[in-house]
Each structure stands twice: as structure tokens, then as C-alpha cells.
$ cat entry25.cif   # mmCIF, C-alpha atoms
data_entry
loop_
_atom_site.label_atom_id
_atom_site.label_comp_id
_atom_site.auth_asym_id
_atom_site.auth_seq_id
_atom_site.Cartn_x
_atom_site.Cartn_y
_atom_site.Cartn_z
CA MET R 1 -30.56 28.27 12.03
CA LEU R 2 -28.90 31.31 10.45
CA GLU R 3 -28.50 30.83 6.68
CA VAL R 4 -25.09 32.28 5.86
CA THR R 5 -24.26 33.42 2.32
CA LYS R 6 -20.91 35.17 2.85
CA ILE R 7 -18.04 35.19 5.33
CA ILE R 8 -15.09 37.58 5.38
CA ILE R 9 -12.17 36.67 7.65
CA LYS R 10 -9.79 39.60 8.13
CA TYR R 11 -6.51 39.30 10.03
CA PHE R 12 -4.72 42.39 11.25
CA ALA R 13 -2.32 43.72 8.57
CA SER R 14 -3.07 40.90 6.17
CA GLU R 15 -5.33 40.09 3.24
CA SER R 16 -8.86 38.82 3.73
CA ASP R 17 -10.28 35.36 3.13
CA THR R 18 -13.74 35.65 1.60
CA PHE R 19 -16.19 32.79 1.11
CA VAL R 20 -19.35 33.33 -0.93
CA LYS R 21 -22.16 30.82 -1.27
CA GLU R 22 -23.63 30.47 -4.76
CA GLU R 23 -26.68 28.20 -4.72
CA ASP R 24 -25.37 25.25 -2.66
CA THR R 25 -21.67 25.71 -3.37
CA TRP R 26 -19.09 27.79 -1.54
CA LYS R 27 -16.57 29.78 -3.59
CA TYR R 28 -13.25 31.22 -2.42
CA ALA R 29 -13.43 34.80 -3.71
CA GLU R 30 -9.67 35.44 -3.58
CA ASP R 31 -8.98 32.47 -5.90
CA GLU R 32 -11.98 30.85 -7.54
CA ASN R 33 -9.75 28.29 -9.29
CA LEU R 34 -8.85 26.75 -5.92
CA PRO R 35 -10.59 23.33 -5.57
CA LEU R 36 -12.29 24.39 -2.34
CA ASN R 37 -13.07 21.74 0.26
CA GLN R 38 -16.76 22.31 0.94
CA ALA R 39 -16.64 20.44 4.25
CA ILE R 40 -13.98 22.78 5.65
CA VAL R 41 -16.06 25.87 4.87
CA SER R 42 -19.20 24.23 6.27
CA ASN R 43 -17.34 23.50 9.51
CA ILE R 44 -16.20 27.14 9.71
CA VAL R 45 -19.77 28.34 9.21
CA SER R 46 -21.09 25.88 11.78
CA GLY R 47 -18.53 27.01 14.34
CA LEU R 48 -19.26 30.70 13.84
CA THR R 49 -23.05 30.32 13.99
CA SER R 50 -23.20 28.09 17.04
CA VAL R 51 -20.80 29.82 19.43
CA LYS R 52 -21.32 28.94 23.08
CA ALA R 53 -19.95 31.45 25.57
CA GLN R 54 -18.09 30.29 28.67
CA ARG R 55 -19.23 33.55 30.23
CA GLU R 56 -20.26 37.10 29.33
CA LEU R 57 -18.06 40.01 30.39
CA VAL R 58 -19.81 43.13 31.72
CA ASP R 59 -18.77 46.57 32.95
CA ILE R 60 -15.57 46.58 30.92
CA GLU R 61 -13.57 49.77 31.44
CA ASP R 62 -10.81 49.24 28.87
CA PHE R 63 -11.29 46.90 25.92
CA ALA R 64 -7.54 47.04 25.28
CA ASP R 65 -7.11 44.82 28.34
CA TYR R 66 -8.78 42.06 26.31
CA GLY R 67 -7.20 42.84 22.94
CA LEU R 68 -10.51 44.15 21.62
CA SER R 69 -9.66 47.81 21.05
CA GLU R 70 -7.70 46.79 17.96
CA PRO R 71 -8.81 43.20 17.20
CA LYS R 72 -6.24 41.00 15.50
CA LEU R 73 -9.01 39.04 13.79
CA LYS R 74 -12.40 40.19 12.57
CA VAL R 75 -15.09 38.03 10.96
CA THR R 76 -18.03 39.50 9.06
CA ILE R 77 -20.97 37.14 8.58
CA THR R 78 -23.67 37.98 6.01
CA ASP R 79 -26.98 36.12 5.94
CA LYS R 80 -29.48 35.61 3.09
CA ASN R 81 -31.28 38.87 4.05
CA ASN R 82 -27.99 40.73 3.63
CA GLU R 83 -27.80 41.42 7.35
CA GLN R 84 -24.29 41.43 8.81
CA THR R 85 -22.84 40.29 12.11
CA VAL R 86 -19.27 41.22 13.04
CA LEU R 87 -17.23 39.13 15.46
CA ASN R 88 -14.04 40.67 16.88
CA PHE R 89 -11.42 38.29 18.27
CA GLY R 90 -9.09 39.57 20.96
CA ASP R 91 -6.51 38.03 23.29
CA ASP R 92 -6.35 34.46 24.49
CA ASN R 93 -6.87 33.40 28.10
CA GLU R 94 -4.60 30.38 28.20
CA ALA R 95 -5.50 29.53 31.78
CA VAL R 96 -9.01 28.49 30.72
CA SER R 97 -8.29 27.73 27.02
CA GLY R 98 -10.44 30.67 26.05
CA THR R 99 -10.52 33.63 23.66
CA TYR R 100 -12.21 37.02 24.16
CA ILE R 101 -14.63 38.07 21.44
CA SER R 102 -17.03 40.97 21.03
CA ILE R 103 -19.95 41.62 18.70
CA GLY R 104 -20.17 44.70 16.45
CA ASN R 105 -18.76 47.76 18.15
CA ASN R 106 -18.14 45.85 21.37
CA GLU R 107 -21.84 45.88 22.26
CA LYS R 108 -21.46 42.41 23.79
CA THR R 109 -18.27 40.74 25.01
CA TYR R 110 -17.72 37.07 25.78
CA LEU R 111 -15.12 34.49 26.68
CA VAL R 112 -15.40 31.52 24.30
CA ASN R 113 -13.43 28.35 23.66
CA SER R 114 -10.15 29.17 21.90
CA SER R 115 -10.72 26.38 19.36
CA LEU R 116 -13.08 28.74 17.48
CA LYS R 117 -10.19 31.12 16.80
CA THR R 118 -7.78 28.29 16.01
CA GLU R 119 -10.08 26.95 13.26
CA LEU R 120 -9.92 30.35 11.55
CA GLN R 121 -6.13 30.30 11.27
CA PHE R 122 -5.20 28.63 8.00
CA GLU R 123 -3.20 29.01 4.81
CA LYS R 124 -4.97 29.15 1.47
CA ASN R 125 -3.81 25.67 0.44
CA ASP R 126 -5.25 24.26 3.66
CA LEU R 127 -8.68 24.96 2.15
CA ALA R 128 -8.16 22.77 -0.90
CA GLN R 129 -9.96 19.49 -1.50
CA ILE R 130 -7.32 16.74 -1.49
CA GLU R 131 -7.84 13.92 -3.92
CA GLU R 132 -8.64 10.49 -2.51
CA LEU R 133 -6.39 7.83 -3.97
CA PRO R 134 -7.75 4.36 -4.77
CA GLN R 135 -7.45 1.94 -1.84
CA ILE R 136 -6.36 -1.16 -3.73
CA ALA R 137 -6.83 -4.58 -2.16
CA VAL R 138 -3.50 -6.42 -1.91
CA GLY R 139 -4.89 -9.55 -3.52
CA ASN R 140 -6.13 -7.63 -6.56
CA ILE R 141 -2.75 -6.22 -7.60
CA LYS R 142 -1.22 -8.03 -10.58
CA LYS R 143 1.74 -5.87 -11.52
CA ILE R 144 3.78 -2.86 -10.37
CA GLU R 145 5.98 -0.84 -12.70
CA ILE R 146 8.49 1.71 -11.39
CA SER R 147 10.14 3.90 -14.03
CA SER R 148 13.04 6.27 -13.45
CA GLU R 149 15.95 7.76 -15.34
CA ILE R 150 17.85 4.44 -15.14
CA GLY R 151 15.04 2.32 -16.58
CA THR R 152 11.97 0.37 -15.51
CA LYS R 153 11.68 -2.41 -12.96
CA THR R 154 8.57 -4.55 -12.84
CA LEU R 155 7.11 -6.73 -10.11
CA GLN R 156 4.64 -9.11 -11.72
CA GLU R 157 2.53 -12.10 -10.74
CA GLY R 158 3.02 -15.18 -12.90
CA GLU R 159 0.20 -16.66 -14.92
CA VAL R 160 0.44 -19.92 -12.98
CA GLY R 161 1.24 -20.82 -9.41
CA GLY R 162 0.63 -17.34 -7.96
CA LEU R 163 4.40 -16.74 -7.93
CA TRP R 164 5.93 -13.29 -8.34
CA THR R 165 8.95 -12.21 -10.37
CA LEU R 166 10.97 -9.00 -10.17
CA TYR R 167 12.28 -7.82 -13.56
CA LYS R 168 15.20 -5.45 -13.02
CA GLU R 169 16.24 -2.41 -15.07
CA ASP R 170 19.07 -4.37 -16.69
CA GLY R 171 16.68 -7.02 -18.01
CA SER R 172 17.55 -9.69 -15.44
CA GLN R 173 14.85 -11.30 -13.36
CA VAL R 174 14.51 -13.01 -10.00
CA SER R 175 11.73 -14.89 -8.20
CA VAL R 176 10.61 -13.26 -4.97
CA ASP R 177 8.89 -14.24 -1.74
CA THR R 178 5.09 -13.97 -2.00
CA SER R 179 4.68 -13.00 1.68
CA LYS R 180 7.22 -10.18 1.28
CA VAL R 181 5.45 -9.05 -1.89
CA ASN R 182 2.20 -8.84 0.08
CA ASP R 183 3.92 -6.73 2.73
CA TYR R 184 5.12 -4.38 0.00
CA MET R 185 1.67 -4.23 -1.63
CA ASN R 186 0.14 -3.03 1.64
CA TYR R 187 1.41 0.46 0.81
CA PHE R 188 -1.12 0.64 -2.03
CA SER R 189 -4.05 -0.32 0.19
CA SER R 190 -3.58 2.81 2.33
CA LEU R 191 -1.94 5.28 -0.03
CA SER R 192 -2.71 8.94 0.74
CA LEU R 193 -1.61 12.47 -0.13
CA MET R 194 -0.34 14.95 2.45
CA ASN R 195 -0.78 18.56 1.32
CA PHE R 196 -2.25 20.40 -1.63
CA ILE R 197 0.46 22.48 -3.33
CA SER R 198 -0.91 23.98 -6.52
CA TYR R 199 -3.45 23.67 -9.32
CA ASP R 200 -1.08 25.52 -11.66
CA THR R 201 0.82 22.92 -13.69
CA SER R 202 2.25 25.35 -16.26
CA ASP R 203 5.77 24.91 -14.83
CA LEU R 204 6.17 21.32 -13.68
CA SER R 205 9.96 21.75 -13.61
CA ALA R 206 9.57 23.80 -10.41
CA TYR R 207 8.56 20.56 -8.70
CA GLY R 208 10.74 18.11 -10.62
CA LEU R 209 7.61 16.79 -12.33
CA ASP R 210 8.68 17.64 -15.88
CA HIS R 211 10.75 14.43 -15.93
CA PRO R 212 9.25 12.47 -13.04
CA LYS R 213 9.65 8.99 -11.72
CA LYS R 214 6.50 6.99 -12.33
CA ILE R 215 4.76 4.30 -10.28
CA THR R 216 2.05 2.34 -12.12
CA VAL R 217 -0.22 -0.17 -10.40
CA PHE R 218 -2.14 -2.69 -12.53
CA TYR R 219 -4.98 -4.24 -10.59
CA GLU R 220 -8.43 -5.79 -10.75
CA GLU R 221 -11.60 -4.40 -9.23
CA GLU R 222 -15.00 -6.00 -8.88
CA GLN R 223 -17.50 -4.46 -11.23
CA GLU R 224 -20.39 -2.87 -9.43
CA SER R 225 -23.71 -4.52 -10.21
CA GLU R 226 -26.68 -2.53 -11.43
CA ASP R 227 -29.61 -1.76 -9.14
CA THR R 228 -31.67 -4.94 -8.73
CA SER R 229 -34.09 -3.78 -6.05
CA GLU R 230 -37.05 -5.48 -7.78
CA GLU R 231 -35.41 -8.88 -8.16
CA THR R 232 -37.04 -11.90 -6.57
CA GLU R 233 -35.42 -13.87 -3.77
CA GLY R 234 -34.45 -16.66 -6.17
CA GLU R 235 -32.82 -14.22 -8.57
CA GLU R 236 -30.91 -12.60 -5.71
CA GLN R 237 -29.59 -15.99 -4.58
CA ALA R 238 -28.53 -16.86 -8.14
CA GLU R 239 -26.66 -13.56 -8.36
CA GLU R 240 -24.87 -14.25 -5.07
CA ASP R 241 -23.71 -17.61 -6.44
CA GLU R 242 -22.24 -16.04 -9.57
CA GLU R 243 -18.54 -15.27 -9.77
CA PRO R 244 -17.93 -11.50 -9.51
CA VAL R 245 -17.00 -9.75 -12.74
CA MET R 246 -13.52 -8.28 -12.41
CA ILE R 247 -12.42 -5.32 -14.52
CA GLN R 248 -8.84 -4.33 -15.26
CA LYS R 249 -7.74 -0.99 -13.84
CA GLU R 250 -4.59 1.10 -13.75
CA PHE R 251 -3.34 3.78 -11.35
CA ALA R 252 -0.31 5.96 -12.07
CA LEU R 253 1.54 8.29 -9.70
CA PHE R 254 4.25 10.72 -10.84
CA VAL R 255 6.99 11.59 -8.33
CA GLY R 256 9.10 14.73 -8.52
CA ASP R 257 11.64 16.43 -6.24
CA ALA R 258 11.60 16.58 -2.46
CA ASP R 259 10.45 19.77 -0.76
CA GLU R 260 12.32 21.55 2.04
CA THR R 261 10.96 19.08 4.62
CA GLY R 262 11.96 16.00 2.62
CA ASN R 263 8.49 15.05 1.42
CA TYR R 264 7.97 14.56 -2.32
CA TYR R 265 5.96 16.48 -4.88
CA VAL R 266 3.55 14.12 -6.62
CA LYS R 267 0.84 14.21 -9.23
CA THR R 268 -1.60 11.55 -10.35
CA ALA R 269 -2.32 10.79 -13.98
CA ASP R 270 -6.03 11.55 -13.51
CA GLU R 271 -5.75 14.87 -11.63
CA SER R 272 -3.97 18.04 -12.75
CA TYR R 273 -3.16 19.15 -9.21
CA ILE R 274 0.18 18.94 -7.40
CA TYR R 275 0.45 17.51 -3.89
CA THR R 276 3.07 16.24 -1.48
CA MET R 277 3.39 12.67 -0.24
CA ALA R 278 5.27 11.47 2.84
CA ALA R 279 8.94 10.77 2.19
CA ALA R 280 8.83 7.41 4.01
CA THR R 281 6.00 6.16 1.78
CA VAL R 282 7.56 7.28 -1.50
CA GLU R 283 11.00 5.92 -0.66
CA GLU R 284 9.68 2.54 0.46
CA ILE R 285 7.72 2.19 -2.78
CA MET R 286 10.45 3.48 -5.09
CA ASN R 287 13.32 1.56 -3.50
CA LEU R 288 11.89 -1.77 -4.58
CA SER R 289 14.84 -4.17 -4.55
CA SER R 290 15.35 -7.88 -4.97
CA GLU R 291 17.29 -8.04 -1.70
CA GLU R 292 14.20 -6.95 0.22
CA LEU R 293 11.79 -9.26 -1.60
CA ILE R 294 13.71 -12.49 -2.03
CA SER R 295 13.08 -15.15 0.55
CA SER R 296 16.09 -16.11 2.63
CA LEU R 297 15.19 -19.71 1.79
CA VAL R 298 16.63 -21.31 -1.34
CA THR R 299 13.25 -22.95 -2.02
CA ASP R 300 10.07 -22.02 -0.28
CA TYR R 301 7.73 -24.94 -1.01
CA SER R 302 6.10 -27.19 1.52
CA LEU R 303 5.74 -30.81 0.52
CA ALA R 304 1.99 -30.26 0.24
CA ASP R 305 2.55 -27.34 -2.17
CA VAL R 306 3.95 -29.40 -5.02
CA ASP R 307 2.61 -32.29 -7.08
CA LYS R 308 5.91 -33.62 -8.41
CA ILE R 309 9.57 -33.38 -7.44
CA THR R 310 12.28 -34.67 -9.77
CA ILE R 311 15.71 -35.30 -8.23
CA GLU R 312 18.84 -35.97 -10.29
CA ARG R 313 21.88 -37.31 -8.44
CA ASN R 314 24.82 -39.57 -9.31
CA GLY R 315 23.47 -40.14 -12.82
CA GLU R 316 20.11 -41.39 -11.54
CA THR R 317 16.70 -39.73 -11.73
CA TYR R 318 14.08 -40.06 -9.02
CA VAL R 319 10.52 -38.80 -9.34
CA LEU R 320 8.58 -38.15 -6.14
CA THR R 321 4.81 -37.70 -6.49
CA ARG R 322 1.90 -37.34 -4.12
CA GLN R 323 -1.60 -38.67 -4.55
CA GLU R 324 -4.74 -37.89 -2.60
CA ALA R 325 -7.71 -40.24 -2.29
CA GLU R 326 -11.01 -40.13 -0.41
CA VAL R 327 -11.37 -43.20 1.85
CA GLU R 328 -14.17 -44.17 4.19
CA LYS R 329 -13.58 -44.00 7.91
CA GLU R 330 -13.98 -47.23 9.84
CA ASP R 331 -17.53 -47.78 11.19
CA SER R 332 -18.66 -44.54 9.52
CA GLU R 333 -20.08 -43.30 6.25
CA GLU R 334 -17.83 -40.26 6.43
CA THR R 335 -14.69 -40.03 4.32
CA THR R 336 -11.26 -38.62 4.92
CA THR R 337 -8.45 -37.59 2.60
CA GLU R 338 -5.54 -40.01 2.50
CA VAL R 339 -2.22 -38.83 1.09
CA LYS R 340 0.31 -41.27 -0.31
CA TYR R 341 3.79 -40.64 -1.70
CA TYR R 342 5.50 -42.54 -4.51
CA LEU R 343 9.14 -42.58 -5.56
CA ASN R 344 9.51 -43.83 -9.14
CA ASP R 345 5.97 -45.26 -8.81
CA LYS R 346 6.93 -47.25 -5.72
CA GLU R 347 5.21 -46.19 -2.51
CA ILE R 348 7.40 -44.51 0.09
CA GLN R 349 6.38 -43.57 3.60
CA TYR R 350 6.23 -39.91 4.59
CA GLU R 351 8.54 -40.62 7.53
CA ASP R 352 11.22 -41.73 5.05
CA ILE R 353 10.89 -38.49 3.10
CA SER R 354 10.55 -35.98 5.91
CA ASN R 355 14.19 -35.82 7.07
CA PHE R 356 15.48 -35.14 3.56
CA TYR R 357 12.76 -32.68 2.65
CA SER R 358 13.05 -30.75 5.90
CA LYS R 359 16.70 -30.09 5.07
CA VAL R 360 15.78 -29.05 1.51
CA SER R 361 13.14 -26.58 2.67
CA ALA R 362 15.32 -25.19 5.50
CA LEU R 363 18.32 -24.29 3.32
CA GLU R 364 19.09 -20.55 3.43
CA TRP R 365 21.39 -18.64 1.12
CA GLN R 366 24.23 -16.54 2.52
CA ASN R 367 24.85 -14.16 -0.39
CA MET R 368 23.35 -13.46 -3.79
CA THR R 369 25.68 -13.55 -6.77
CA GLU R 370 25.54 -13.48 -10.58
CA GLY R 371 27.54 -14.51 -13.63
CA GLN R 372 28.86 -17.71 -12.00
CA ASN R 373 29.31 -20.99 -13.90
CA GLY R 374 29.06 -24.37 -12.22
CA GLU R 375 30.82 -27.34 -13.81
CA LYS R 376 28.62 -30.25 -12.76
CA ALA R 377 25.64 -30.15 -10.45
CA GLU R 378 25.95 -32.56 -7.52
CA ILE R 379 22.17 -32.60 -7.23
CA THR R 380 19.33 -31.05 -9.22
CA ILE R 381 15.85 -30.71 -7.73
CA THR R 382 12.88 -29.67 -9.89
CA PHE R 383 9.59 -28.69 -8.24
CA GLU R 384 6.38 -28.87 -10.29
CA LYS R 385 2.68 -28.14 -9.93
CA GLU R 386 -0.14 -29.30 -12.15
CA ASP R 387 -0.97 -25.68 -13.05
CA GLY R 388 2.31 -25.49 -14.96
CA MET R 389 4.65 -24.04 -12.33
CA GLN R 390 8.19 -25.44 -12.56
CA ASP R 391 11.26 -24.43 -10.58
CA LYS R 392 14.60 -26.12 -11.27
CA VAL R 393 17.40 -25.77 -8.71
CA ASP R 394 21.02 -26.88 -9.33
CA TYR R 395 23.60 -27.29 -6.55
CA TYR R 396 27.26 -26.98 -7.65
CA PRO R 397 30.36 -27.45 -5.44
CA TYR R 398 32.07 -24.06 -5.32
CA ASP R 399 34.84 -23.75 -2.73
CA GLU R 400 35.71 -24.91 0.78
CA ASN R 401 32.86 -22.86 2.27
CA PHE R 402 30.00 -22.73 -0.21
CA TYR R 403 27.90 -24.42 -2.84
CA LEU R 404 26.73 -22.34 -5.79
CA VAL R 405 22.97 -22.63 -6.32
CA THR R 406 21.42 -21.65 -9.66
CA LYS R 407 17.65 -21.44 -10.13
CA ALA R 408 15.45 -21.59 -13.20
CA ASP R 409 14.84 -17.83 -13.15
CA GLY R 410 18.59 -17.20 -13.44
CA SER R 411 19.16 -16.15 -9.84
CA GLN R 412 22.33 -17.42 -8.17
CA MET R 413 23.30 -17.66 -4.53
CA PHE R 414 25.91 -19.10 -2.21
CA VAL R 415 24.77 -21.66 0.38
CA ASN R 416 26.68 -23.00 3.37
CA LYS R 417 28.60 -26.10 2.28
CA MET R 418 27.94 -28.07 5.46
CA LYS R 419 24.18 -27.52 5.19
CA VAL R 420 24.15 -28.79 1.61
CA ARG R 421 26.24 -31.81 2.61
CA GLU R 422 23.67 -32.61 5.32
CA MET R 423 20.91 -32.48 2.70
CA LEU R 424 22.85 -34.77 0.35
CA GLU R 425 23.49 -37.29 3.13
CA ALA R 426 19.80 -37.26 4.05
CA PHE R 427 18.87 -37.95 0.43
CA ASP R 428 21.36 -40.81 0.09
CA GLU R 429 20.02 -42.31 3.33
CA MET R 430 16.44 -42.04 2.03
CA ILE R 431 17.33 -43.84 -1.18
CA GLU R 432 19.22 -46.53 0.70
CA ASN R 433 16.24 -47.22 2.97
CA TRP R 434 13.84 -47.15 0.04
CA ASN R 435 15.90 -49.75 -1.86
CA LYS R 436 15.88 -52.23 1.02
#

$ encode --input "entry25.cif" --output "C-alpha cells"
Amino acid sequence: MLEVTKIIIKYFASESDTFVKEEDTWKYAEDENLPLNQAIVSNIVSGLTSVKAQRELVDIEDFADYGLSEPKLKVTITDKNNEQTVLNFGDDNEAVSGTYISIGNNEKTYLVNSSLKTELQFEKNDLAQIEELPQIAVGNIKKIEISSEIGTKTLQEGEVGGLWTLYKEDGSQVSVDTSKVNDYMNYFSSLSLMNFISYDTSDLSAYGLDHPKKITVFYEEEQESEDTSEETEGEEQAEEDEEPVMIQKEFALFVGDADETGNYYVKTADESYIYTMAAATVEEIMNLSSEELISSLVTDYSLADVDKITIERNGETYVLTRQEAEVEKEDSEETTTEVKYYLNDKEIQYEDISNFYSKVSALEWQNMTEGQNGEKAEITITFEKEDGMQDKVDYYPYDENFYLVTKADGSQMFVNKMKVREMLEAFDEMIENWNK
């Protein structure tokens, strides 16, 4: 195969693009500071040195009929022996998706696939190597910080319970729906850059990157193990049984102004180059809001999710707990898990709980609010887990249409009055049956 060391691509009435191979690396002669994508140049070389003709043209009377008397594109290929081959590109034959080319001084003329010519039509920035951003697994993300001129908002996983909290710019905080958080985090598992813009960062203000918005992702990544090719089978098994070592990592993306197409200029903390990123991606990430992340449910716990529920109503306190025990199956040595529920240490059947709890877990808020004060809660329900998670929810009568609900994280919401009344009636009925 021809070993190419230099390629000059010359368009009619324009500057040339020159690629020179030094050892095993291609350089862009017109701008050696450009982070040249080696694969792109290799593909260009491969295309030019493996041209397959659709047919050869013979007995040509006028090369102007094929656009070859004054070629609009000329490529000069130099090999390691300093021998040159010139390819002249003429007109296109759209009927057969072809392009006319000739060699040297039109010694040979062919019709070739037009894709060869198309691959030689590029802008300088199209040649740049675009940085690959980290593809972060959703489950490994622990915190997101988004900073702008109005402050910083933070989405962070709690130390216990796997629950997430959104801390707003004004210092307030609100618990959010884990499933919606995961949907949001998916953006960081497939984050990518669009176009290379510049390696010159001497004037970041031209791109709005002198005072940028900043997105910071704090995440964990499994530490790569060292080469253990000589380990024995037993050692390999022991290593598989070990918990992976997770290391703490951080990724920061700076966001500037939008370009003329609406996409945003961006820059990573690790690279000095400027790129664009799709407007839809940037705006979805930046416009992180509590309204989009909060569950429509007042409380989003299944009965199996919690270990203890404390209910305060009419001056009385009721503690509902669940216990699991392994019991043997009849006529079998196998065991099964048996779940029992207790209200104030007295056993209560699941059927007696289910109606009340289904109404608790199905309650949806109508509107978020803030700064409201309830006089006396008609019912208070506190959910707890053994890992330390605790969520206290107070229900206050508000007006003829709504109850005001206040949660432990300070969030407040209005809930349909009739739905709350149905929940209260179901609770009173449960207690009445339990006391019989």
C-alpha cells in the first residue's frame, strides 16, 4: 500500500489544506496548534489511495465538458520516496452519484463515487479532535452543583435512606422524587460536545466564558485494578468476591453564551479548548427546578419501605411497626419470610391497615406554597427507617378547599380537602376496628 507522507488539498480560489506526516503523527501545516483528529486524516488518506473507478473515460475531446480543464479541486499526494500524484476533481454526475477525476495532466480520466469529493470538503475546525466527556453512571452520582449569577443550587443525595434534596439559591431546601432525579441524571451518562470552536482562550469574553455558569458533578468511579495476569484461580475468585474500591471524582463544565444557532459555548475544567453543546442539553441541565423534580405525591413510601410510622391524632399517639421473621413451611425444611404489623405493640392485620395507608400514599398535592403557618395539625404522620431516615408530615386545615401540608424539609403544599378527609376517616375506622 502507498505510504503517504504529505497531502495538499487545493480548492479553486481558496487557501490550501496541507497535512504532513512526521514519524507516525499527522500535522496540519496551516495551523500546527490545531488538535488534529488523526482518524479523520487517516480516513482521507485511505480514501485517496484506494479509489475505485466506476468506469474509465477515453477519447475525450474537451475536458471542459467534465469540469477538468480548470479543476475546482486538486489534491497532491506525496509518498515516502517524494514521488507525487495529482488528482484533479471536476464536475459531478448526479444521475449516478459520481464525480469526474483525472490524474496529472489529464493522462487518465475516471468517473468515481462522489463521496470521495464530499469527504474532502471541510472547514478547519472540522478537523479538530473533540474531547470525550466522562460517561457517568447514574447510580454513581452523589451531588450536582449549578452555579450562576444568581447563586448556587445543589442536588444532593442524603447520607441515609438514598433520598435526594434540592438546595435552592435562596438557601431553602426541598425533598425530591428519586425516580425523577434518576431521569435528570441520565443527561450525564451520555453527555457530548458538538463542535470544536477554538483552542485560543485569550479572550473568553467573546464566548461569554469569562463569567460562565458552572455545572459540577461529584461522582464515584470504580478504581481499576492492577494487572493480575499471573494470579492463581483461587486468588482471582477472592478478588471477585471483594467489594470494588470506589474513588471520588469531579467533573466541571463551564457554560457561556449561545451562538447564532442557539447552541452554547462550553469549556471543561480539564481542557483549554472551546466547544459548543446542544441547546436542549444545556437548558435541561441548567433549568433544574424543584417543580420538575418533586413527586406529585405528598409522601412516596410503600408500607414495605419503612420500619416505623408514628401517627398523632386527637391527642393520641399510635406507633405502627413491621417485623419480619423466617418461619418453616409446612411439611418442608424450607423457610419463608413472614411479615407482621403491630400498632402500639398490639398485632394488627394488614387488611386493617391497607385502606388507610393506600389513602396516605395516594395523596397528591395541588400547588406548592411557602411561608404558611398552620395553627394545629389535625394529623401528623412520621415515617422512619432504621438507617436514620425520618420524614415528618403535618396536615393543617386551611380553607374550604384545601389542607396545608408541611414536611420536615420545610416544603409546603396544598392538598385537596376531600382527599384528606377520606384519609382521616379511614384512620379513625382503623383505630375503631383495632380497639374492638

$ closest_residue --input "entry25.cif" --among "R:Pro35, R:Tyr11, R:Leu48, R:Asn105" --to "Lys74 in chain R" --atoms "all atoms listed in the file"
R:Tyr11

$ resolve_selection --input "entry25.cif" --expression "the PyMOL selection byres ((chain R and resi 315-325) around 8)" --output "short mmCIF file (atom, residue, chain, number, x, y, z; two decimals) with C-alpha atoms, in the coordinates of the input"
data_model
loop_
_atom_site.label_atom_id
_atom_site.label_comp_id
_atom_site.auth_asym_id
_atom_site.auth_seq_id
_atom_site.Cartn_x
_atom_site.Cartn_y
_atom_site.Cartn_z
CA ASP R 307 2.61 -32.29 -7.08
CA LYS R 308 5.91 -33.62 -8.41
CA ILE R 309 9.57 -33.38 -7.44
CA THR R 310 12.28 -34.67 -9.77
CA ILE R 311 15.71 -35.30 -8.23
CA GLU R 312 18.84 -35.97 -10.29
CA ARG R 313 21.88 -37.31 -8.44
CA ASN R 314 24.82 -39.57 -9.31
CA GLU R 326 -11.01 -40.13 -0.41
CA VAL R 327 -11.37 -43.20 1.85
CA THR R 337 -8.45 -37.59 2.60
CA GLU R 338 -5.54 -40.01 2.50
CA VAL R 339 -2.22 -38.83 1.09
CA LYS R 340 0.31 -41.27 -0.31
CA TYR R 341 3.79 -40.64 -1.70
CA TYR R 342 5.50 -42.54 -4.51
CA LEU R 343 9.14 -42.58 -5.56
CA ASN R 344 9.51 -43.83 -9.14
CA ASP R 345 5.97 -45.26 -8.81
#

$ closest_residue --input "entry25.cif" --among "R:Phe12, R:Tyr184, R:Phe356, R:Tyr219" --to "Met286 in chain R" --atoms "all atoms listed in the file"
R:Tyr184

$ resolve_selection --input "entry25.cif" --expression "the PyMOL selection byres ((chain R and resi 259-262) around 9)" --output "JSON, numbers by chain"
{"R": [207, 257, 258, 263, 264, 265, 276, 278, 279]}

$ closest_residue --input "entry25.cif" --among "R:Val306, R:Leu133, R:Val245, R:Val415" --to "Thr268 in chain R" --atoms "all atoms listed in the file"
R:Leu133

$ atom_distance --input "entry25.cif" --atom1 "CA of Asp79 in chain R" --atom2 "CA of Ile130 in chain R"
28.6 Å

$ closest_residue --input "entry25.cif" --among "R:Thr406, R:Ser198, R:Gln390, R:Thr299" --to "Ser358 in chain R" --atoms "only C-alpha atoms"
R:Thr299

$ residues_around --input "entry25.cif" --residues "Val45 in chain R" --least-positions-apart "2" --cutoff "12 Å" --atoms "all atoms listed in the file" --output "NGL selection string"
:R and (1-9 or 19-21 or 26 or 38-43 or 47-51 or 75-79 or 116 or 119-120)
